[in-house]
Amino acid sequence: MSEAAIPARRPLDPVLVYKILFLGMVALFVAVPLLATLLGGFKTLGELRTNPFGLPQTWEWENYTGILFSGRYWQMLWNSLVIASFTVLLTLIVASMAAFAFAHIRFFGSSMLLSYLTMGLLFPAATAILPLFIKVRDLGLLDSYFGVILPQVAFGLAMSILLLRRFFKDLPHELLEAALVDGCSYFAFFRHVTLPLSRPILATVGTITFVHSWNSYLLPLVMLNSERLYPWPLGIMIYQGEFSSEWHLILAFITLTLLPTVLLFILAQKHIVAGLTAGAVKG
Amino acid sequence: MSQHSAAAVIRGRPAAPGARRRATTDGQLGALLLFLPPALLLFTLFVVLPIGEAAWYSGFNWNGFGSPTRWIGFDNYRFVFDTRGFGIAFRNNLLIIAVSLVVQLPLALTLALLLADKFRGSVALRMLFFLPYVLAEVATGLIFSFIYDGNYGLLASVYRMFGAEAPHLLASPQTSMLAILIVVVWKYFGFHMMLFIAALQGMDRNLVEAARIDGASRWQVLRHVVIPLLYPTIRLSVFFAVVGSLQLFDLVMPLTRGGPADSSNTMVSFLYNNGVSRMRVGYGSAIGVILFLICVTFAITYKRWFMRDE
């Protein structure tokens with residue numbers, strides 16, 4: 001805020017110099033580990049020791065191509081994509097329906113039911129992970145995509161319903177009144193008016209849910225046994241276990257698995273930043 | 001009411017209040033029966049019941065097979081509190097909270113103050129600082145286990161440049177937690193910075209300008225105008241730091257798995273290592289219940305005491 005008062009072009013303003021130095025140091029602190037990972041994937045194991053910070057002397061593309069041409073990398077990403085997509089889809093459907101009821105229908109016990117659902121914000125999934133495992137096992141969903149998807153949806157509901165309900169409430173109420181008078185059903189209104197008008201918030205909730213699911217580790221770790229179903233955070237740990245000290249390969253693997261996230265982040269920065277911060281604030 | 005009739009008038013059709021009321025209440029019940037059950041069912045089945053069952057299972061000595069029969073009362077809780085590792089894990093969680101408050105929060109706030117105004121590169125820097133928050137904890141942990149690696153890691157290379165022996169930070173109980181704390185700050189400060197930037201951009205600039213015109217120095221404006229206006233956001237940031245610390249797990253596994261000698265467990269990784277991976281359902285559920293009580297007590301008291309107006 002106060003920096004607005006600094007004249008923009010005065011070459012030797014000490015405050016400005018400190019500011020740039022400080023920002024530069026933090027930028028290095030953040031960027032060096034990431035760049036070292038990206039570049040390390042192009043080096044040989046030996047060069048990681050002799051040339052830790054520089055560009056690779058010869059670019060070892062085989063580290064990357066070897067992984068890209070292996071089935072497991074794509075299998076992992078596919079598994080993550082399936083789990084995350086279904087989680088997003090189900091969360092959006094289930095949460096927006098509930099949010100619609102809470103936003104537009106007055107009924108006995110509505111605030112009680114809403115606080116019941118938002119109880120989910122108070123504690124992480126980890127607290128109930130063992131009973132959750134047993135429940136999923138008893139439902140016969142162990143070692144299946146849905147054994148991960150359904151608990152993820154359930155734990156994401158509280159935040160999603162709150163965000164969606166707030167948005168739905170701000171839509172002009174006259175629309176619903178008029179539609180009902182004209183004999184439109186609640187469901188038709190929800191389907192043909194509310195949802196199309198709510199694209200921004202659906203995108204935001206979808207993005208938060210996707211990022212959380214894409215990155216999640218504990219639930220798949222507990223629910224999945226067979227490697228062919230592993231999403232990438234599990235797969236990458238297995239890979240690291242196999243190639244324990246061949247760091248050049250592990251670094252290439254990390255880079256490739258982070259690539260989709262970084263691309264998505266660059267493409268959808270606005271939604272991601274808005275979603276993750278606004279979601280946090282308004283939840 | 002006036003809104004209804006207005007809508008009806010616009011559409012040129014006089015409303016028949018009684019008929020419409022009946023139609024909508026019928027529709028309401030149907031709509032409720034359609035809209036609410038999926039959420040309630042999923043939430044009850046996968047969130048509420050497991051928590052209740054955790055409380056029930058925690059009274060048994062049970063390996064998860066068959067049904068729980070060996071009732072041992074509160075013994076599991078006694079076992080948890082008697083385990084040295086649980087005390088360490090709890091202390092580590094407090095340590096993470098402390099570092100979040102003492103290092104991460106001031107860092108995030110300073111950066112937000114520097115980056116809230118637009119200048120060339122400010123948006124790019126914001127994005128760079130936020131990027132670690134978006135990356136998966138597991139990948140972050142692996143990146144840093146490379147950085148800390150005593151043979152090939154960046155840190156080891158820096159030590160060798162100065163001709164010193166490279167430390168194995170993750171392999172020693174004295175330094176394992178320090179190594180994790182650095183990664184925690186690296187990963188999460190950008191999120192808190194974004195919270196502060198959002199708050200700063202929503203702030204009424206007139207207040208700052210008025211204070212400047214009244215002769216306040218930049219420091220005084222910061223101290224007496226800007227920071228007080230940020231208190232709600234600071235309280236929020238503290239809340240997230242605590243909640244985040246209480247569920248920290250993904251980051252710990254690739255770095256140390258809680259070791260060596262339990263030195264770097266968090267409560268969740270302690271739960272995983274001692275309850276889940278050995279299928280000690282009763283014992284693990286007891287840890288889960290303790291964690292649940294800590295989370296809920298904290299969330300409710302904090303909201304009541306510090307975030308009443310939000």
# chains A, B, ... in the order shown; residues from 1 in each chain; ligands from 1
call {"tool": "residues_around", "arguments": {"residues": "range 194-207 of chain A", "least_positions_apart": "2", "cutoff": "9 Å", "atoms": "only C-alpha atoms", "output": "PyMOL selection string"}}
result
chain A and resi 88-89+91-92+96+100+159-160+163-164+167-168+171+189-192+209-212+268+271-272+274-276+279
call {"tool": "residues_around", "arguments": {"residues": "Leu107 in chain B", "least_positions_apart": "2", "cutoff": "12 Å", "atoms": "only C-alpha atoms", "output": "VMD selection string"}}
result
(chain A and resid 22 to 23 26) or (chain B and resid 99 to 105 109 to 114 129 185 to 186 188 to 194 196)
call {"tool": "residues_around", "arguments": {"residues": "Glu60 in chain A", "least_positions_apart": "4", "cutoff": "12 Å", "atoms": "only C-alpha atoms", "output": "list in words"}}
result
Leu38, Leu39, Gly40, Gly41, Phe42, Lys43, Thr44, Leu45, Glu47, Leu55, Pro56, Tyr64, Thr65, Gly66, His248, Leu249 and Ala252 of chain A
call {"tool": "atom_distance", "arguments": {"atom1": "CA of Leu255 in chain B", "atom2": "CA of Leu131 in chain B"}}
result
19.9 Å
call {"tool": "residues_around", "arguments": {"residues": "Thr44 in chain B", "least_positions_apart": "5", "cutoff": "10 Å", "atoms": "only C-alpha atoms", "output": "list of chain:residue names"}}
result
A:Tyr116, A:Leu117, A:Ala154, B:Pro38, B:Ala39, B:Leu49, B:Pro50, B:Ile51
call {"tool": "residues_around", "arguments": {"residues": "range 266-278 of chain B", "least_positions_apart": "4", "cutoff": "7 Å", "atoms": "only C-alpha atoms", "output": "PDB file with C-alpha atoms, in the first residue's frame"}}
result
ATOM      1  CA  ALA A 126      -7.593 -38.272   8.052  1.00  0.00           C
ATOM      2  CA  LEU A 130      -9.631 -46.271   9.377  1.00  0.00           C
TER       3      LEU A 130
ATOM      4  CA  PHE B  86       2.583 -39.331  19.894  1.00  0.00           C
ATOM      5  CA  ALA B  89       4.070 -35.736  16.858  1.00  0.00           C
ATOM      6  CA  PHE B  90       1.897 -33.356  18.844  1.00  0.00           C
ATOM      7  CA  ASN B  92       5.851 -31.184  15.933  1.00  0.00           C
ATOM      8  CA  ASN B  93       2.389 -29.963  14.994  1.00  0.00           C
ATOM      9  CA  GLN B 247      -3.661 -32.254   8.722  1.00  0.00           C
ATOM     10  CA  LEU B 248      -0.120 -32.185   7.375  1.00  0.00           C
ATOM     11  CA  PHE B 249       0.740 -35.633   6.032  1.00  0.00           C
ATOM     12  CA  GLY B 258       7.986 -39.470  10.068  1.00  0.00           C
ATOM     13  CA  TYR B 283      -5.571 -47.829  18.296  1.00  0.00           C
ATOM     14  CA  GLY B 284      -5.689 -45.842  15.050  1.00  0.00           C
ATOM     15  CA  ILE B 287      -5.730 -41.327  17.481  1.00  0.00           C
TER      16      ILE B 287
END
call {"tool": "closest_residue", "arguments": {"among": "B:Leu222, B:Val281, B:Ile227, B:Ile294", "to": "Gly66 in chain B", "atoms": "only C-alpha atoms"}}
result
B:Val281
call {"tool": "residues_around", "arguments": {"residues": "Phe239 in chain B", "least_positions_apart": "3", "cutoff": "9 Å", "atoms": "only C-alpha atoms", "output": "count of residues only"}}
result
9
call {"tool": "residues_around", "arguments": {"residues": "Val222 in chain A", "least_positions_apart": "3", "cutoff": "12 Å", "atoms": "only C-alpha atoms", "output": "PyMOL selection string"}}
result
(chain A and resi 125-126+128-134+136-137+142-144+147-148+151+216-219+225-226+230+234) or (chain B and resi 272-273+275-279)
call {"tool": "select_by_dssp", "arguments": {"residues": "range 63-271 of chain A", "states": "alpha helix (DSSP H)", "output": "number ranges by chain"}}
result
A: 63-68, 71-104, 110-118, 129-138, 145-170, 173-181, 186-189, 195-197, 199-215, 218-223, 232-242, 247-267, 269-271
call {"tool": "atom_distance", "arguments": {"atom1": "CA of Ile96 in chain B", "atom2": "CA of Val48 in chain B"}}
result
28.3 Å
call {"tool": "atom_distance", "arguments": {"atom1": "CA of Gly150 in chain B", "atom2": "CA of Leu95 in chain B"}}
result
24.8 Å
call {"tool": "closest_residue", "arguments": {"among": "B:Pro228, B:Gly153, B:Pro167, B:Gly73", "to": "chain A", "atoms": "only C-alpha atoms"}}
result
B:Gly153
call {"tool": "closest_residue", "arguments": {"among": "B:Leu170, B:Gly141, B:Arg280, B:Asp117", "to": "Leu155 in chain B", "atoms": "only C-alpha atoms"}}
result
B:Leu170
call {"tool": "closest_residue", "arguments": {"among": "B:Ala55, B:Asp149, B:Gly27, B:Gly87", "to": "Ser244 in chain A", "atoms": "only C-alpha atoms"}}
result
B:Asp149
call {"tool": "closest_residue", "arguments": {"among": "A:Pro220, A:Gly140, A:Pro231, A:Pro33", "to": "chain B", "atoms": "only C-alpha atoms"}}
result
A:Pro33
